[in-house]
>>> print(open('input10.cif').read())   # mmCIF, C-alpha atoms
data_start
loop_
_atom_site.label_atom_id
_atom_site.label_comp_id
_atom_site.auth_asym_id
_atom_site.auth_seq_id
_atom_site.Cartn_x
_atom_site.Cartn_y
_atom_site.Cartn_z
CA MET A 1 -6.58 -8.13 5.22
CA ARG A 2 -9.64 -8.58 3.04
CA GLY A 3 -7.40 -10.25 0.47
CA ILE A 4 -6.20 -12.70 3.11
CA GLN A 5 -9.79 -13.34 4.19
CA GLU A 6 -10.89 -13.98 0.61
CA GLN A 7 -8.11 -16.56 0.24
CA PHE A 8 -8.54 -17.98 3.76
CA PRO A 9 -10.09 -21.30 2.60
CA GLU A 10 -7.22 -21.65 0.12
CA PHE A 11 -4.65 -20.94 2.87
CA GLN A 12 -6.31 -23.57 5.10
CA ALA A 13 -6.38 -26.10 2.27
CA ARG A 14 -2.63 -25.61 1.82
CA GLY A 15 -1.99 -25.92 5.57
CA VAL A 16 -1.08 -22.26 6.02
CA ARG A 17 -2.36 -20.36 9.03
CA PRO A 18 -2.47 -16.58 8.49
CA VAL A 19 -1.96 -14.52 11.64
CA ALA A 20 -2.12 -10.72 11.75
CA ILE A 21 -0.03 -8.76 14.28
CA SER A 22 -0.11 -5.05 15.14
CA VAL A 23 0.08 -2.62 18.06
CA ASP A 24 -3.72 -2.51 18.24
CA PRO A 25 -5.01 -3.84 21.59
CA PRO A 26 -7.19 -7.01 21.61
CA GLU A 27 -10.48 -5.10 21.82
CA VAL A 28 -9.59 -3.00 18.74
CA SER A 29 -8.65 -6.14 16.80
CA ALA A 30 -11.84 -7.86 17.99
CA ASN A 31 -13.82 -4.89 16.69
CA LEU A 32 -12.00 -4.92 13.35
CA ARG A 33 -12.55 -8.68 12.95
CA ARG A 34 -16.24 -8.29 13.66
CA LYS A 35 -16.79 -5.28 11.42
CA ALA A 36 -14.74 -6.60 8.49
CA GLY A 37 -15.83 -10.22 8.91
CA LEU A 38 -12.26 -11.49 9.39
CA THR A 39 -12.03 -15.00 10.84
CA PHE A 40 -8.27 -15.56 11.08
CA THR A 41 -6.20 -14.93 14.22
CA PHE A 42 -5.20 -11.41 15.29
CA LEU A 43 -2.44 -10.85 17.86
CA SER A 44 -1.73 -7.66 19.79
CA ASP A 45 1.69 -6.23 20.55
CA PRO A 46 0.82 -2.87 22.17
CA SER A 47 4.18 -2.68 23.97
CA LEU A 48 5.97 -3.32 20.61
CA ASP A 49 8.01 -6.04 22.31
CA VAL A 50 7.91 -8.51 19.40
CA ILE A 51 7.84 -5.76 16.76
CA ARG A 52 11.09 -4.34 18.20
CA ARG A 53 12.73 -7.77 18.58
CA TYR A 54 11.92 -8.58 14.95
CA GLY A 55 13.44 -5.30 13.77
CA LEU A 56 10.11 -3.96 12.47
CA LEU A 57 9.72 -0.81 14.56
CA HIS A 58 8.49 2.20 12.61
CA ALA A 59 9.13 4.95 15.17
CA ALA A 60 6.44 7.66 15.09
CA GLY A 61 4.94 6.01 12.00
CA GLY A 62 1.39 5.99 13.34
CA PRO A 63 -1.15 8.75 13.92
CA ASP A 64 -0.07 11.40 16.47
CA GLY A 65 3.51 10.13 16.32
CA HIS A 66 2.75 6.73 17.84
CA ASP A 67 5.25 3.93 17.29
CA ILE A 68 3.92 1.16 15.05
CA SER A 69 5.10 -1.86 13.07
CA ARG A 70 6.27 -1.47 9.50
CA PRO A 71 4.34 -3.80 7.16
CA ALA A 72 6.08 -7.18 6.92
CA GLU A 73 5.15 -10.78 6.15
CA PHE A 74 6.95 -13.95 7.31
CA LEU A 75 6.11 -17.48 6.27
CA VAL A 76 7.39 -19.80 8.99
CA ASP A 77 7.57 -23.59 8.92
CA ARG A 78 7.01 -25.95 11.88
CA SER A 79 10.68 -25.79 12.90
CA GLY A 80 10.33 -22.00 13.29
CA THR A 81 12.46 -21.31 10.22
CA VAL A 82 11.59 -18.35 7.98
CA ARG A 83 10.83 -19.78 4.52
CA TRP A 84 9.65 -16.62 2.78
CA GLU A 85 9.39 -12.99 3.77
CA ASN A 86 8.41 -9.66 2.35
CA PHE A 87 9.22 -6.10 3.40
CA THR A 88 7.42 -3.59 1.22
CA GLU A 89 9.13 -0.35 0.20
CA ASP A 90 5.77 1.46 -0.03
CA ILE A 91 2.84 0.98 2.34
CA ARG A 92 0.44 1.01 -0.62
CA VAL A 93 2.21 -1.98 -2.17
CA ARG A 94 1.37 -5.30 -0.49
CA PRO A 95 2.08 -8.88 -1.56
CA ARG A 96 -0.76 -10.79 -3.14
CA ALA A 97 -2.19 -13.87 -1.45
CA GLN A 98 -1.12 -15.85 -4.54
CA GLU A 99 2.56 -15.01 -3.89
CA MET A 100 2.32 -16.30 -0.33
CA LEU A 101 0.44 -19.42 -1.39
CA ALA A 102 3.12 -20.10 -3.98
CA ALA A 103 5.80 -19.79 -1.28
CA ALA A 104 3.84 -22.17 0.96
CA ARG A 105 3.81 -24.78 -1.79
CA GLU A 106 7.56 -25.30 -1.20
CA ILE A 107 6.98 -26.34 2.38
CA GLN A 108 6.37 -30.06 3.06
CA MET B 1 -3.30 31.18 -40.06
CA ALA B 2 -1.24 34.26 -40.73
CA ASP B 3 -3.42 35.43 -43.57
CA THR B 4 -6.67 35.10 -41.62
CA PRO B 5 -7.44 38.19 -39.55
CA ILE B 6 -8.47 37.23 -36.05
CA SER B 7 -11.12 39.51 -34.71
CA SER B 8 -12.93 37.68 -31.95
CA ALA B 9 -12.57 34.84 -29.47
CA SER B 10 -14.74 32.59 -31.62
CA HIS B 11 -12.02 32.48 -34.24
CA ARG B 12 -9.30 31.44 -31.83
CA ARG B 13 -8.01 27.91 -31.70
CA THR B 14 -8.73 25.30 -29.09
CA ASN B 15 -5.83 25.15 -26.66
CA SER B 16 -5.25 21.40 -27.05
CA ALA B 17 -2.25 21.37 -24.69
CA LEU B 18 -4.57 22.34 -21.83
CA TRP B 19 -7.00 19.55 -22.72
CA TYR B 20 -4.22 16.96 -22.95
CA GLY B 21 -2.91 18.22 -19.61
CA LEU B 22 -6.35 17.82 -18.04
CA LEU B 23 -6.78 14.30 -19.42
CA ILE B 24 -3.33 13.15 -18.32
CA MET B 25 -3.90 14.65 -14.88
CA LEU B 26 -7.21 12.79 -14.50
CA ALA B 27 -5.49 9.59 -15.63
CA GLY B 28 -2.79 10.23 -13.01
CA ILE B 29 -5.41 10.61 -10.30
CA ALA B 30 -7.15 7.43 -11.50
CA THR B 31 -3.91 5.42 -11.15
CA GLN B 32 -4.01 6.15 -7.39
CA PHE B 33 -6.88 3.67 -7.17
CA LEU B 34 -5.18 0.82 -9.03
CA TYR B 35 -3.70 -0.51 -5.76
CA PHE B 36 -7.13 -1.87 -4.86
CA LEU B 37 -7.11 -4.16 -7.91
CA ARG B 38 -4.19 -6.18 -6.45
CA LEU B 39 -2.55 -6.47 -9.85
CA PRO B 40 0.25 -9.01 -10.34
CA PRO B 41 3.86 -7.98 -9.65
CA PRO B 42 5.77 -5.98 -10.74
CA ILE B 43 2.88 -3.60 -11.54
CA PRO B 44 2.22 -2.55 -7.90
CA HIS B 45 5.91 -1.68 -7.45
CA VAL B 46 5.84 0.54 -10.54
CA LEU B 47 2.52 2.22 -9.65
CA PRO B 48 3.95 4.79 -7.19
CA TRP B 49 6.24 6.05 -9.97
CA ILE B 50 3.35 6.21 -12.45
CA ASN B 51 1.38 8.13 -9.79
CA LEU B 52 4.17 10.72 -9.81
CA LEU B 53 5.02 10.71 -13.50
CA LEU B 54 1.56 11.28 -14.99
CA PRO B 55 0.78 14.50 -13.03
CA ALA B 56 4.31 15.73 -13.86
CA ILE B 57 3.69 15.16 -17.59
CA ALA B 58 0.26 16.79 -17.21
CA MET B 59 1.97 19.80 -15.62
CA ILE B 60 4.21 20.21 -18.69
CA TYR B 61 1.19 20.22 -21.01
CA VAL B 62 -0.77 22.60 -18.80
CA VAL B 63 2.12 25.08 -18.50
CA THR B 64 2.69 24.87 -22.27
CA GLY B 65 -1.01 25.56 -22.83
CA LEU B 66 -1.05 28.44 -20.37
CA ALA B 67 2.02 30.01 -21.97
CA ARG B 68 0.28 29.79 -25.37
CA ALA B 69 -2.88 31.37 -23.98
CA PHE B 70 -0.95 34.36 -22.68
CA ASN B 71 1.82 34.74 -25.26
CA GLN B 72 -0.36 34.04 -28.29
CA SER B 73 -3.70 35.22 -26.93
CA ALA B 74 -4.77 36.19 -30.44
CA VAL B 75 -4.45 32.54 -31.50
CA TYR B 76 -5.26 30.43 -28.43
CA VAL B 77 -8.04 30.51 -25.87
CA GLY B 78 -7.67 29.45 -22.27
CA LYS B 79 -6.31 32.36 -20.22
CA ILE B 80 -8.82 31.86 -17.44
CA TRP B 81 -9.43 28.13 -17.44
CA GLY B 82 -5.74 27.54 -18.17
CA SER B 83 -4.84 29.50 -15.06
CA ILE B 84 -7.33 27.57 -12.94
CA LEU B 85 -6.09 24.29 -14.40
CA THR B 86 -2.47 25.25 -13.66
CA VAL B 87 -3.30 25.88 -10.01
CA ILE B 88 -5.16 22.54 -9.79
CA ALA B 89 -2.30 20.74 -11.55
CA LEU B 90 0.19 22.28 -9.12
CA LEU B 91 -1.89 21.05 -6.17
CA VAL B 92 -2.16 17.57 -7.70
CA VAL B 93 1.61 17.38 -8.29
CA ALA B 94 2.33 18.64 -4.75
CA GLY B 95 -0.19 16.18 -3.29
CA ASN B 96 1.34 13.28 -5.21
CA VAL B 97 4.88 14.17 -4.12
CA PHE B 98 3.69 14.39 -0.50
CA LEU B 99 1.85 11.05 -0.74
CA PHE B 100 4.84 9.39 -2.41
CA ARG B 101 7.17 10.56 0.36
CA GLN B 102 4.72 9.55 3.09
CA THR B 103 3.95 6.06 1.82
CA ARG B 104 7.62 5.25 1.21
CA ALA B 105 8.84 6.59 4.56
CA VAL B 106 9.17 2.98 5.76
CA PRO B 107 12.23 2.12 7.86
CA ASN B 108 14.53 -0.55 6.45
CA SER B 109 14.29 -4.04 7.84
CA ALA B 110 18.01 -4.70 8.30
CA GLY B 111 17.48 -6.12 11.80
CA ALA B 112 14.62 -8.43 10.80
CA PRO B 113 14.99 -12.23 10.68
CA GLN B 114 16.07 -13.36 7.22
CA VAL B 115 14.95 -16.36 5.16
CA GLY B 116 16.57 -19.49 6.57
CA GLN B 117 16.89 -17.99 10.03
CA HIS B 118 14.98 -19.11 13.09
CA LEU B 119 12.15 -16.82 14.13
CA PRO B 120 12.38 -16.03 17.86
CA GLU B 121 9.48 -17.36 19.96
CA PHE B 122 6.87 -14.89 21.24
CA THR B 123 3.75 -14.80 23.35
CA LEU B 124 1.04 -12.24 22.61
CA LEU B 125 -2.65 -11.77 23.38
CA ASP B 126 -5.13 -12.67 20.65
CA SER B 127 -8.30 -10.63 20.01
CA SER B 128 -10.15 -12.66 22.69
CA GLY B 129 -7.43 -11.90 25.25
CA ASN B 130 -5.83 -15.39 25.23
CA GLN B 131 -2.05 -15.78 25.56
CA THR B 132 -0.84 -17.13 22.20
CA SER B 133 2.70 -18.23 21.36
CA LEU B 134 4.25 -19.04 17.99
CA SER B 135 4.42 -22.76 18.85
CA HIS B 136 0.78 -22.61 20.00
CA LEU B 137 -0.19 -21.31 16.54
CA PHE B 138 1.19 -24.53 15.06
CA ALA B 139 -0.57 -26.75 17.58
CA VAL B 140 -4.10 -25.45 17.17
CA SER B 141 -5.94 -24.72 13.97
CA ALA B 142 -9.43 -23.74 12.99
CA ASN B 143 -10.09 -26.79 10.81
CA GLY B 144 -8.63 -29.43 13.12
CA SER B 145 -5.38 -30.44 11.41
CA PRO B 146 -2.23 -28.59 12.52
CA PRO B 147 -0.85 -26.14 9.94
CA LYS B 148 2.42 -26.82 8.16
CA ALA B 149 3.22 -23.13 8.08
CA VAL B 150 2.21 -19.91 9.80
CA LEU B 151 2.02 -16.68 7.84
CA LEU B 152 2.76 -13.77 10.17
CA ILE B 153 1.38 -10.54 8.75
CA PHE B 154 2.65 -7.50 10.60
CA TYR B 155 0.48 -4.49 9.80
CA ARG B 156 0.48 -0.85 10.80
CA GLY B 157 -2.63 -0.94 12.98
CA TYR B 158 -4.62 2.06 14.23
CA TRP B 159 -7.68 0.97 12.25
#
>>> encode(input="input10.cif", output="structure tokens")
Amino acid sequence: MRGIQEQFPEFQARGVRPVAISVDPPEVSANLRRKAGLTFTFLSDPSLDVIRRYGLLHAAGGPDGHDISRPAEFLVDRSGTVRWENFTEDIRVRPRAQEMLAAAREIQ
Amino acid sequence: MADTPISSASHRRTNSALWYGLLIMLAGIATQFLYFLRLPPPIPHVLPWINLLLPAIAMIYVVTGLARAFNQSAVYVGKIWGSILTVIALLVVAGNVFLFRQTRAVPNSAGAPQVGQHLPEFTLLDSSGNQTSLSHLFAVSANGSPPKAVLLIFYRGYW
């Protein structure tokens, strides 16, 4: 998330809007944004409705066996079409902002 | 070696295998922190394997050193610190195997939308409690002009 924030001006310049989604409720995300100084949009899916529909459910993957989302990134164009995506095989391994910016360059 | 009588510990040789084992183990622990450097691909994808491999190699050196200390105690030092190091190395290897299994226990994404497919519409609350849909994300933007793309970053949460 800090990586995204660091590259946020670059994302904006390229017309890409980063949006973070997790099971955390709005007040938790609001707290995280404030503490970490994150200015991009955070969405909450506590009922895992979207996470389930997108096939991203990680059952009992969170603390105390809570259901969470697996890490995943989708770059979507204005028509709603997925143009680039990433599903890591290891939660320590995340895509770099540069990779996502490069994928965004393909979109007119 | 054979013609020199060994009478005291001061004449015994440094158990270099133990030292190499210690160094490699420390290097293995250090590689756990390389994720923070956000190195270019494919390095991050190889890192978990390096995290496993280095402590395993360290273990081989440490066990070799310990065996020398006990089997050739007249030649090599390191019975005590070799034993301690072996226990630590075992813990490090076990910890790394556990971490490796934990961080890779990610379900597959077979059901997820693929590149070229249409992403189903959604409506979720943002951190201020406002209803926000995918199409809404394209309509509004922080700097005035509508974005040409939205980057959805699903993360594990519980921060």
>>> residues_around(input="input10.cif", residues="Arg96 (chain A)", least_positions_apart="2", cutoff="10 Å", atoms="all atoms listed in the file", output="VMD selection string")
(chain A and resid 3 to 4 7 93 to 94 98 to 101) or (chain B and resid 38 to 41 44)
>>> atom_distance(input="input10.cif", atom1="CA of Arg53 (chain A)", atom2="CA of Ala112 (chain B)")
8.0 Å
>>> resolve_selection(input="input10.cif", expression="the PyMOL selection byres ((chain A) within 7 of (chain B))", output="PyMOL selection string")
chain A and resi 15-24+26-27+29-30+41-45+50+54-56+58+68-78+80-85+89-93+96
>>> atom_distance(input="input10.cif", atom1="CA of Thr39 (chain A)", atom2="CA of Ala13 (chain A)")
15.1 Å
>>> atom_distance(input="input10.cif", atom1="CA of Ser73 (chain B)", atom2="CA of Ala56 (chain B)")
24.8 Å
>>> residues_around(input="input10.cif", residues="Ile57 (chain B)", least_positions_apart="3", cutoff="9 Å", atoms="all atoms listed in the file", output="PyMOL selection string")
chain B and resi 21+24-25+52-54+60-62
>>> closest_residue(input="input10.cif", among="A:Gln12, A:Ala59, A:Pro25, A:Arg33", to="Pro46 (chain A)", atoms="all atoms listed in the file")
A:Pro25
>>> axis_aligned_box(input="input10.cif", around="region 120-129 of chain B", padding_each_side="5 Å", output="lines of an AutoDock Vina configuration file")
center_x = 1.1
center_y = -14.0
center_z = 21.6
size_x = 32.5
size_y = 16.7
size_z = 17.4
>>> resolve_selection(input="input10.cif", expression="the PyMOL selection byres ((chain B and resi 88-97) around 6)", output="list of chain:residue names")
B:Leu52, B:Pro55, B:Met59, B:Leu85, B:Thr86, B:Val87, B:Phe98, B:Leu99, B:Phe100
>>> decode(input="input10.cif", residues="region 62-108 of chain A", atoms="N, CA and C atoms", output="compact mmCIF listing (two decimals), in the first residue's frame")
# COMPACT_ATOMS: atom_id res chain seq x y z
N GLY A 62 -7.59 -15.47 7.50
CA GLY A 62 -7.28 -14.34 8.38
C GLY A 62 -7.02 -14.79 9.81
N PRO A 63 -6.75 -13.82 10.71
CA PRO A 63 -6.54 -14.18 12.11
C PRO A 63 -7.81 -14.79 12.71
N ASP A 64 -7.64 -15.74 13.60
CA ASP A 64 -8.75 -16.44 14.27
C ASP A 64 -9.68 -17.13 13.26
N GLY A 65 -9.12 -17.55 12.15
CA GLY A 65 -9.90 -18.32 11.18
C GLY A 65 -10.95 -17.52 10.43
N HIS A 66 -10.81 -16.20 10.39
CA HIS A 66 -11.75 -15.37 9.64
C HIS A 66 -11.52 -15.54 8.14
N ASP A 67 -12.62 -15.45 7.37
CA ASP A 67 -12.51 -15.48 5.92
C ASP A 67 -12.01 -14.13 5.43
N ILE A 68 -11.08 -14.16 4.47
CA ILE A 68 -10.54 -12.92 3.92
C ILE A 68 -10.42 -13.04 2.40
N SER A 69 -9.90 -11.99 1.78
CA SER A 69 -9.61 -12.04 0.34
C SER A 69 -8.17 -12.49 0.15
N ARG A 70 -7.92 -13.29 -0.88
CA ARG A 70 -6.54 -13.55 -1.26
C ARG A 70 -6.03 -12.26 -1.91
N PRO A 71 -4.71 -12.00 -1.91
CA PRO A 71 -4.22 -10.83 -2.61
C PRO A 71 -4.44 -10.98 -4.13
N ALA A 72 -4.92 -9.92 -4.76
CA ALA A 72 -5.15 -9.96 -6.21
C ALA A 72 -5.23 -8.53 -6.73
N GLU A 73 -4.77 -8.31 -7.95
CA GLU A 73 -4.84 -6.99 -8.56
C GLU A 73 -5.47 -7.10 -9.94
N PHE A 74 -6.40 -6.21 -10.24
CA PHE A 74 -7.06 -6.15 -11.56
C PHE A 74 -6.93 -4.74 -12.11
N LEU A 75 -6.49 -4.62 -13.32
CA LEU A 75 -6.50 -3.33 -14.01
C LEU A 75 -7.67 -3.38 -15.00
N VAL A 76 -8.63 -2.48 -14.79
CA VAL A 76 -9.88 -2.50 -15.55
C VAL A 76 -10.00 -1.23 -16.38
N ASP A 77 -10.39 -1.37 -17.65
CA ASP A 77 -10.58 -0.16 -18.46
C ASP A 77 -12.02 0.35 -18.33
N ARG A 78 -12.32 1.46 -19.03
CA ARG A 78 -13.63 2.11 -18.88
C ARG A 78 -14.80 1.21 -19.27
N SER A 79 -14.55 0.24 -20.16
CA SER A 79 -15.64 -0.65 -20.58
C SER A 79 -15.87 -1.76 -19.54
N GLY A 80 -15.04 -1.79 -18.50
CA GLY A 80 -15.18 -2.82 -17.47
C GLY A 80 -14.42 -4.09 -17.79
N THR A 81 -13.58 -4.02 -18.83
CA THR A 81 -12.81 -5.20 -19.24
C THR A 81 -11.50 -5.28 -18.46
N VAL A 82 -11.17 -6.48 -18.01
CA VAL A 82 -9.89 -6.70 -17.31
C VAL A 82 -8.77 -6.62 -18.34
N ARG A 83 -7.80 -5.73 -18.12
CA ARG A 83 -6.70 -5.56 -19.07
C ARG A 83 -5.40 -6.18 -18.56
N TRP A 84 -5.31 -6.33 -17.25
CA TRP A 84 -4.12 -6.91 -16.63
C TRP A 84 -4.55 -7.41 -15.27
N GLU A 85 -3.96 -8.51 -14.83
CA GLU A 85 -4.28 -8.99 -13.49
C GLU A 85 -3.09 -9.73 -12.91
N ASN A 86 -3.13 -9.88 -11.61
CA ASN A 86 -2.03 -10.57 -10.93
C ASN A 86 -2.55 -11.30 -9.71
N PHE A 87 -2.22 -12.57 -9.63
CA PHE A 87 -2.58 -13.38 -8.45
C PHE A 87 -1.28 -13.96 -7.90
N THR A 88 -0.81 -13.42 -6.80
CA THR A 88 0.47 -13.89 -6.27
C THR A 88 0.37 -15.32 -5.73
N GLU A 89 1.50 -16.03 -5.78
CA GLU A 89 1.54 -17.40 -5.25
C GLU A 89 2.04 -17.39 -3.80
N ASP A 90 2.50 -16.22 -3.34
CA ASP A 90 3.08 -16.09 -2.01
C ASP A 90 2.71 -14.69 -1.49
N ILE A 91 2.14 -14.63 -0.30
CA ILE A 91 1.65 -13.32 0.16
C ILE A 91 2.76 -12.31 0.40
N ARG A 92 4.01 -12.80 0.45
CA ARG A 92 5.13 -11.85 0.61
C ARG A 92 5.53 -11.23 -0.72
N VAL A 93 5.10 -11.84 -1.81
CA VAL A 93 5.50 -11.38 -3.15
C VAL A 93 4.35 -10.58 -3.78
N ARG A 94 4.56 -9.29 -3.97
CA ARG A 94 3.54 -8.42 -4.54
C ARG A 94 4.07 -7.74 -5.80
N PRO A 95 3.16 -7.41 -6.72
CA PRO A 95 3.65 -6.74 -7.93
C PRO A 95 4.15 -5.33 -7.60
N ARG A 96 5.09 -4.87 -8.38
CA ARG A 96 5.61 -3.52 -8.19
C ARG A 96 4.70 -2.53 -8.92
N ALA A 97 4.66 -1.31 -8.41
CA ALA A 97 3.86 -0.26 -9.05
C ALA A 97 4.26 -0.09 -10.51
N GLN A 98 5.55 -0.27 -10.80
CA GLN A 98 6.07 -0.10 -12.16
C GLN A 98 5.40 -1.08 -13.14
N GLU A 99 5.18 -2.33 -12.65
CA GLU A 99 4.52 -3.34 -13.50
C GLU A 99 3.12 -2.89 -13.87
N MET A 100 2.40 -2.35 -12.90
CA MET A 100 1.02 -1.95 -13.12
C MET A 100 0.96 -0.71 -14.01
N LEU A 101 1.92 0.19 -13.80
CA LEU A 101 1.98 1.39 -14.65
C LEU A 101 2.28 1.01 -16.09
N ALA A 102 3.15 0.00 -16.26
CA ALA A 102 3.47 -0.45 -17.60
C ALA A 102 2.24 -1.06 -18.28
N ALA A 103 1.44 -1.80 -17.50
CA ALA A 103 0.21 -2.39 -18.05
C ALA A 103 -0.78 -1.30 -18.42
N ALA A 104 -0.81 -0.23 -17.64
CA ALA A 104 -1.75 0.87 -17.89
C ALA A 104 -1.40 1.63 -19.15
N ARG A 105 -0.13 1.59 -19.53
CA ARG A 105 0.33 2.31 -20.71
C ARG A 105 -0.34 1.80 -21.99
N GLU A 106 -0.77 0.52 -21.95
CA GLU A 106 -1.42 -0.11 -23.11
C GLU A 106 -2.85 0.40 -23.31
N ILE A 107 -3.40 1.00 -22.26
CA ILE A 107 -4.81 1.39 -22.33
C ILE A 107 -4.94 2.83 -22.85
N GLN A 108 -5.78 2.99 -23.89
CA GLN A 108 -5.97 4.33 -24.47
C GLN A 108 -7.00 5.13 -23.69
